[in-house]
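Shown next, in structure tokens, is the structure this report addresses.
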Amino acid sequence: MAVDPTKPYNSENIFAKMLRGEVPCSKVYEDEWSLAFHDINPQADVHILVIPKGAYVSWDDFSAKASAEEIAGFVRAAGHVAREQGLVVRGYRLLGNVGRNGGQEVPHLHVHLFGGGPLGPMLAR
Ligand code: 5GP
């Protein structure tokens, strides 16, 4: 079911459970601010999800309420993972879905990091 980004954060979502260690994930990176792990249903050769550790529903929630430190930590983590995965030279794509039109399914902010080969057009038409 599509996420309603105007609703309060629900700490029973799957990514919150991963952050608490209640559900396993295939971790690729973790620091004070962020966690990154492989997507369970990859849409590209490399498909990693990067999430902030704070309780934010979406990019909208995060950009409005997160501290400057949280925002910097999250943005730096996404860049760090891309470099660490060797994606920079050939290029990659970052994608953030918000709400129904964006197709967001998990109500904890995440960006998708895609790479490993040509990624095709930006949007299906
Ligand atoms: P959204 O549509 O919300 O932007 O993307 C949610 C992503 O989370 C999807 O790509 C989906 O495959 C991934 N996902 C959902 N449940 C799990 C899970 O339990 N583990 C992992 N690693 N990824 C998940």
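Please note that chains go A, B, ... in the order of the structure tokens, that every chain numbers its residues from 1, and that ligands are numbered from 1 in the order shown.
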Query raised in the report: Taking the backbone alone, and naming residues the way the document does, which bits of chain A are strand (DSSP E or B) by DSSP, as a PyMOL selection string?
Result: chain A and resi 27-30+34-38+46-52+93-95+111-115
Return as a tab-separated table the residues of chain A lying at most 10 Å from ligand 1, together with the closest atom-to-atom pair for each and the distance in Å to one decimal, counting only C-alpha atoms and all ligand atoms, with rows in chain order and ascending residue number.
```
residue	atom	partner	partner_atom_place_in_ligand_line	distance
A:Met1	CA	ligand 1	2 (O)	9.7
A:Ala2	CA	ligand 1	3 (O)	8.1
A:Val3	CA	ligand 1	3 (O)	7.7
A:Asn13	CA	ligand 1	16 (N)	9.3
A:Ile14	CA	ligand 1	19 (O)	6.0
A:Phe15	CA	ligand 1	18 (C)	7.4
A:Lys17	CA	ligand 1	19 (O)	9.3
A:Met18	CA	ligand 1	19 (O)	8.3
A:Val23	CA	ligand 1	19 (O)	7.7
A:Pro24	CA	ligand 1	20 (N)	8.0
A:Cys25	CA	ligand 1	22 (N)	5.6
A:Ser26	CA	ligand 1	22 (N)	6.6
A:Lys27	CA	ligand 1	22 (N)	8.7
A:Ala36	CA	ligand 1	22 (N)	9.3
A:Phe37	CA	ligand 1	22 (N)	6.2
A:His38	CA	ligand 1	22 (N)	5.3
A:Asp39	CA	ligand 1	22 (N)	4.0
A:Ile40	CA	ligand 1	22 (N)	4.0
A:Asn41	CA	ligand 1	12 (O)	4.3
A:Pro42	CA	ligand 1	12 (O)	6.6
A:Gln43	CA	ligand 1	10 (O)	7.6
A:His47	CA	ligand 1	10 (O)	8.3
A:Ile48	CA	ligand 1	22 (N)	8.2
A:Leu49	CA	ligand 1	8 (O)	7.3
A:Ser58	CA	ligand 1	3 (O)	9.2
A:Leu95	CA	ligand 1	4 (O)	7.9
A:Gly96	CA	ligand 1	4 (O)	6.3
A:Asn97	CA	ligand 1	4 (O)	4.7
A:Val98	CA	ligand 1	4 (O)	7.3
A:Gly99	CA	ligand 1	3 (O)	8.4
A:Arg100	CA	ligand 1	2 (O)	9.5
A:Gly102	CA	ligand 1	4 (O)	7.6
A:Gly103	CA	ligand 1	2 (O)	5.2
A:Gln104	CA	ligand 1	3 (O)	3.6
A:Glu105	CA	ligand 1	3 (O)	3.5
A:Val106	CA	ligand 1	3 (O)	4.1
A:Pro107	CA	ligand 1	3 (O)	6.8
A:His108	CA	ligand 1	3 (O)	8.0
A:Leu109	CA	ligand 1	3 (O)	8.1
A:His110	CA	ligand 1	4 (O)	6.9
A:Val111	CA	ligand 1	4 (O)	7.2
A:His112	CA	ligand 1	4 (O)	7.1
```
Query raised in the report: Hey, what does DSSP flag as alpha helix (DSSP H) within chain A? Can you give it to me as a VMD selection string?
Result: chain A and resid 14 to 19 59 to 65 68 to 84 99 to 102
Selection file, N, CA and C atoms, as a compact mmCIF listing (two decimals), in the first residue's frame:
```txt
# COMPACT_ATOMS: atom_id res chain seq x y z
N ILE A 14 9.34 -1.86 8.32
CA ILE A 14 10.41 -2.86 8.19
C ILE A 14 11.81 -2.26 8.35
N PHE A 15 12.01 -1.02 7.89
CA PHE A 15 13.34 -0.43 8.00
C PHE A 15 13.64 -0.03 9.44
N ALA A 16 12.62 0.39 10.17
CA ALA A 16 12.81 0.68 11.60
C ALA A 16 13.21 -0.60 12.33
N LYS A 17 12.59 -1.72 11.95
CA LYS A 17 12.94 -3.01 12.57
C LYS A 17 14.39 -3.39 12.26
N MET A 18 14.84 -3.09 11.03
CA MET A 18 16.25 -3.35 10.68
C MET A 18 17.17 -2.51 11.54
N LEU A 19 16.81 -1.24 11.71
CA LEU A 19 17.65 -0.34 12.51
C LEU A 19 17.75 -0.83 13.96
N TRP A 59 11.30 12.00 2.27
CA TRP A 59 12.16 13.16 1.98
C TRP A 59 11.50 14.45 2.45
N ASP A 60 10.18 14.52 2.33
CA ASP A 60 9.46 15.72 2.74
C ASP A 60 9.64 15.96 4.24
N ASP A 61 9.36 14.93 5.03
CA ASP A 61 9.49 14.97 6.49
C ASP A 61 10.94 15.31 6.88
N PHE A 62 11.89 14.63 6.27
CA PHE A 62 13.31 14.79 6.60
C PHE A 62 13.79 16.20 6.27
N SER A 63 13.46 16.67 5.08
CA SER A 63 13.97 17.98 4.66
C SER A 63 13.37 19.10 5.50
N ALA A 64 12.17 18.85 6.06
CA ALA A 64 11.52 19.87 6.89
C ALA A 64 11.99 19.83 8.34
N LYS A 65 12.31 18.62 8.86
CA LYS A 65 12.49 18.49 10.31
C LYS A 65 13.89 18.05 10.77
N ALA A 68 20.69 19.87 10.66
CA ALA A 68 21.72 20.01 9.62
C ALA A 68 22.70 18.85 9.69
N GLU A 69 23.01 18.39 10.90
CA GLU A 69 23.95 17.25 11.06
C GLU A 69 23.38 15.97 10.46
N GLU A 70 22.08 15.74 10.72
CA GLU A 70 21.44 14.53 10.16
C GLU A 70 21.42 14.58 8.64
N ILE A 71 21.10 15.75 8.11
CA ILE A 71 21.03 15.89 6.65
C ILE A 71 22.41 15.70 6.04
N ALA A 72 23.40 16.34 6.62
CA ALA A 72 24.76 16.19 6.09
C ALA A 72 25.22 14.74 6.20
N GLY A 73 24.92 14.10 7.34
CA GLY A 73 25.34 12.71 7.54
C GLY A 73 24.72 11.78 6.52
N PHE A 74 23.46 11.98 6.23
CA PHE A 74 22.75 11.12 5.28
C PHE A 74 23.27 11.33 3.85
N VAL A 75 23.42 12.59 3.47
CA VAL A 75 23.90 12.89 2.10
C VAL A 75 25.32 12.34 1.93
N ARG A 76 26.16 12.53 2.94
CA ARG A 76 27.54 12.02 2.86
C ARG A 76 27.56 10.50 2.79
N ALA A 77 26.66 9.85 3.53
CA ALA A 77 26.63 8.38 3.52
C ALA A 77 26.30 7.87 2.12
N ALA A 78 25.31 8.49 1.46
CA ALA A 78 24.95 8.03 0.11
C ALA A 78 26.13 8.17 -0.84
N GLY A 79 26.83 9.30 -0.76
CA GLY A 79 28.00 9.49 -1.61
C GLY A 79 29.11 8.52 -1.28
N HIS A 80 29.31 8.27 0.01
CA HIS A 80 30.35 7.33 0.45
C HIS A 80 30.07 5.93 -0.08
N VAL A 81 28.83 5.49 0.03
CA VAL A 81 28.49 4.13 -0.44
C VAL A 81 28.73 4.03 -1.95
N ALA A 82 28.33 5.05 -2.69
CA ALA A 82 28.54 5.02 -4.15
C ALA A 82 30.03 4.89 -4.48
N ARG A 83 30.86 5.65 -3.77
CA ARG A 83 32.31 5.57 -4.01
C ARG A 83 32.83 4.20 -3.61
N GLU A 84 32.42 3.74 -2.43
CA GLU A 84 32.91 2.47 -1.90
C GLU A 84 32.53 1.30 -2.81
N GLY A 99 5.43 9.19 -1.28
CA GLY A 99 3.98 9.09 -1.37
C GLY A 99 3.45 8.30 -2.56
N ARG A 100 2.16 8.47 -2.80
CA ARG A 100 1.43 7.66 -3.79
C ARG A 100 1.96 7.86 -5.20
N ASN A 101 2.09 9.10 -5.63
CA ASN A 101 2.56 9.32 -7.00
C ASN A 101 3.99 8.84 -7.19
N GLY A 102 4.79 8.91 -6.13
CA GLY A 102 6.17 8.44 -6.22
C GLY A 102 6.29 6.94 -6.13
```
Query - Who sits within 12 Å of A:Gly120, only C-alpha atoms, same chain under 3 positions skipped, as a ChimeraX atom specification - result: /A:43-44,92-93,114-115,117,123-125
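If you look at atom CA of A:Asp31 and atom CA of A:Ser67, they are 16.3 Å away from each other.
Note that the spacing between atom CA of A:Ala66 and atom CA of A:Tyr9 amounts to 13.3 Å.
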